[in-house]
Amino acid sequence: TGHHHMFINTDPATMDMDATLPATESILHFGGGQTEVTLDLPAGEHTFWLLLGDHNHVPHYPPVMSEPITITIE
């Protein structure tokens with residue numbers, strides 16, 4: 001079991017996958033069952049990943065992660 005964490009312009013490969021994920025503007029936690037979020041991002045290219053973590057916000061082993069999604073905001 002677990003919940004999603006959304007990485008915004010932050011490569012999950014730079015994170016310690018054995019530690020609790022921090023809650024920041026670039027790492028959103030969806031532990032309350034959320035299915036959507038509204039973001040106010042500046043114009044430009046943005047990359048997103050979803051990563052599953054347990055109830056303590058620690059990624060599963062091996063990591064269960066989406067492919068990156070890149071969007072351009074004009």
# chains A, B, ... in the order shown; residues from 1 in each chain; ligands from 1
$ residues_around --residues "Glu67 of chain A" --least-positions-apart "6" --cutoff "10 Å" --atoms "only C-alpha atoms" --output "ChimeraX atom specification"
/A:48-51
$ closest_residue --among "A:His46, A:His5, A:His55, A:His60" --to "Asp18 of chain A" --atoms "only C-alpha atoms"
A:His60
$ closest_residue --among "A:Thr1, A:Met6, A:Thr38, A:His29" --to "His57 of chain A" --atoms "only C-alpha atoms"
A:His29
$ closest_residue --among "A:Met15, A:Ile8, A:Thr47, A:Gly31" --to "Pro68 of chain A" --atoms "only C-alpha atoms"
A:Thr47
$ closest_residue --among "A:Thr35, A:Pro63, A:His4, A:Ile71" --to "Asp16 of chain A" --atoms "only C-alpha atoms"
A:Pro63
$ select_by_dssp --residues "chain A" --states "strand (DSSP E or B)" --output "ChimeraX atom specification"
/A:3-8,27-29,44-53,59,65,69-73
$ write_last_selection --atoms "N, CA and C atoms" --output "PDB file, in the first residue's frame"
ATOM      1  N   HIS A   3       0.988   5.743  -1.335  1.00  0.00           N
ATOM      2  CA  HIS A   3       0.372   6.872  -2.020  1.00  0.00           C
ATOM      3  C   HIS A   3       1.402   7.518  -2.948  1.00  0.00           C
ATOM      4  N   HIS A   4       0.889   8.349  -3.861  1.00  0.00           N
ATOM      5  CA  HIS A   4       1.753   8.993  -4.842  1.00  0.00           C
ATOM      6  C   HIS A   4       2.454  10.222  -4.274  1.00  0.00           C
ATOM      7  N   HIS A   5       3.631  10.453  -4.815  1.00  0.00           N
ATOM      8  CA  HIS A   5       4.380  11.687  -4.604  1.00  0.00           C
ATOM      9  C   HIS A   5       4.682  12.220  -5.999  1.00  0.00           C
ATOM     10  N   MET A   6       4.404  13.482  -6.245  1.00  0.00           N
ATOM     11  CA  MET A   6       4.646  14.066  -7.557  1.00  0.00           C
ATOM     12  C   MET A   6       5.878  14.962  -7.483  1.00  0.00           C
ATOM     13  N   PHE A   7       6.843  14.652  -8.319  1.00  0.00           N
ATOM     14  CA  PHE A   7       8.066  15.438  -8.426  1.00  0.00           C
ATOM     15  C   PHE A   7       7.883  16.434  -9.566  1.00  0.00           C
ATOM     16  N   ILE A   8       8.141  17.694  -9.291  1.00  0.00           N
ATOM     17  CA  ILE A   8       8.014  18.752 -10.281  1.00  0.00           C
ATOM     18  C   ILE A   8       9.395  19.350 -10.505  1.00  0.00           C
ATOM     19  N   ILE A  27       8.060  18.612  -4.440  1.00  0.00           N
ATOM     20  CA  ILE A  27       7.674  17.229  -4.148  1.00  0.00           C
ATOM     21  C   ILE A  27       6.348  17.277  -3.397  1.00  0.00           C
ATOM     22  N   LEU A  28       5.274  16.970  -4.115  1.00  0.00           N
ATOM     23  CA  LEU A  28       3.942  17.028  -3.529  1.00  0.00           C
ATOM     24  C   LEU A  28       3.537  15.644  -3.043  1.00  0.00           C
ATOM     25  N   HIS A  29       2.900  15.578  -1.879  1.00  0.00           N
ATOM     26  CA  HIS A  29       2.438  14.333  -1.284  1.00  0.00           C
ATOM     27  C   HIS A  29       0.925  14.220  -1.476  1.00  0.00           C
ATOM     28  N   GLY A  44       7.395  28.006 -19.700  1.00  0.00           N
ATOM     29  CA  GLY A  44       8.602  27.224 -19.942  1.00  0.00           C
ATOM     30  C   GLY A  44       8.310  25.744 -19.872  1.00  0.00           C
ATOM     31  N   GLU A  45       9.365  24.952 -19.906  1.00  0.00           N
ATOM     32  CA  GLU A  45       9.252  23.502 -19.887  1.00  0.00           C
ATOM     33  C   GLU A  45       9.293  22.985 -18.446  1.00  0.00           C
ATOM     34  N   HIS A  46       8.424  22.037 -18.141  1.00  0.00           N
ATOM     35  CA  HIS A  46       8.341  21.456 -16.804  1.00  0.00           C
ATOM     36  C   HIS A  46       8.245  19.934 -16.925  1.00  0.00           C
ATOM     37  N   THR A  47       8.932  19.228 -16.031  1.00  0.00           N
ATOM     38  CA  THR A  47       8.944  17.777 -16.046  1.00  0.00           C
ATOM     39  C   THR A  47       8.369  17.244 -14.739  1.00  0.00           C
ATOM     40  N   PHE A  48       7.548  16.204 -14.857  1.00  0.00           N
ATOM     41  CA  PHE A  48       6.858  15.609 -13.721  1.00  0.00           C
ATOM     42  C   PHE A  48       7.127  14.106 -13.672  1.00  0.00           C
ATOM     43  N   TRP A  49       7.214  13.547 -12.465  1.00  0.00           N
ATOM     44  CA  TRP A  49       7.272  12.104 -12.223  1.00  0.00           C
ATOM     45  C   TRP A  49       6.322  11.795 -11.086  1.00  0.00           C
ATOM     46  N   LEU A  50       5.743  10.601 -11.100  1.00  0.00           N
ATOM     47  CA  LEU A  50       5.001  10.083  -9.955  1.00  0.00           C
ATOM     48  C   LEU A  50       5.812   8.948  -9.343  1.00  0.00           C
ATOM     49  N   LEU A  51       5.889   8.927  -8.026  1.00  0.00           N
ATOM     50  CA  LEU A  51       6.632   7.912  -7.302  1.00  0.00           C
ATOM     51  C   LEU A  51       5.773   7.429  -6.139  1.00  0.00           C
ATOM     52  N   LEU A  52       5.600   6.119  -6.004  1.00  0.00           N
ATOM     53  CA  LEU A  52       4.842   5.582  -4.873  1.00  0.00           C
ATOM     54  C   LEU A  52       5.723   5.501  -3.632  1.00  0.00           C
ATOM     55  N   GLY A  53       5.129   5.874  -2.505  1.00  0.00           N
ATOM     56  CA  GLY A  53       5.814   5.767  -1.226  1.00  0.00           C
ATOM     57  C   GLY A  53       4.878   5.157  -0.197  1.00  0.00           C
ATOM     58  N   PRO A  59      10.002   5.699  -0.399  1.00  0.00           N
ATOM     59  CA  PRO A  59       9.714   4.978  -1.643  1.00  0.00           C
ATOM     60  C   PRO A  59       9.790   3.467  -1.461  1.00  0.00           C
ATOM     61  N   MET A  65       7.756   3.896 -10.122  1.00  0.00           N
ATOM     62  CA  MET A  65       7.811   5.274 -10.609  1.00  0.00           C
ATOM     63  C   MET A  65       7.331   5.344 -12.060  1.00  0.00           C
ATOM     64  N   ILE A  69       7.028  12.985 -17.529  1.00  0.00           N
ATOM     65  CA  ILE A  69       6.083  13.684 -18.409  1.00  0.00           C
ATOM     66  C   ILE A  69       6.597  15.116 -18.505  1.00  0.00           C
ATOM     67  N   THR A  70       6.786  15.601 -19.715  1.00  0.00           N
ATOM     68  CA  THR A  70       7.266  16.973 -19.906  1.00  0.00           C
ATOM     69  C   THR A  70       6.199  17.779 -20.625  1.00  0.00           C
ATOM     70  N   ILE A  71       5.898  18.965 -20.089  1.00  0.00           N
ATOM     71  CA  ILE A  71       4.940  19.880 -20.716  1.00  0.00           C
ATOM     72  C   ILE A  71       5.607  21.231 -20.909  1.00  0.00           C
ATOM     73  N   THR A  72       5.093  21.988 -21.850  1.00  0.00           N
ATOM     74  CA  THR A  72       5.563  23.354 -22.077  1.00  0.00           C
ATOM     75  C   THR A  72       4.405  24.302 -21.845  1.00  0.00           C
ATOM     76  N   ILE A  73       4.587  25.262 -20.963  1.00  0.00           N
ATOM     77  CA  ILE A  73       3.593  26.289 -20.689  1.00  0.00           C
ATOM     78  C   ILE A  73       4.009  27.543 -21.438  1.00  0.00           C
TER      79      ILE A  73
END
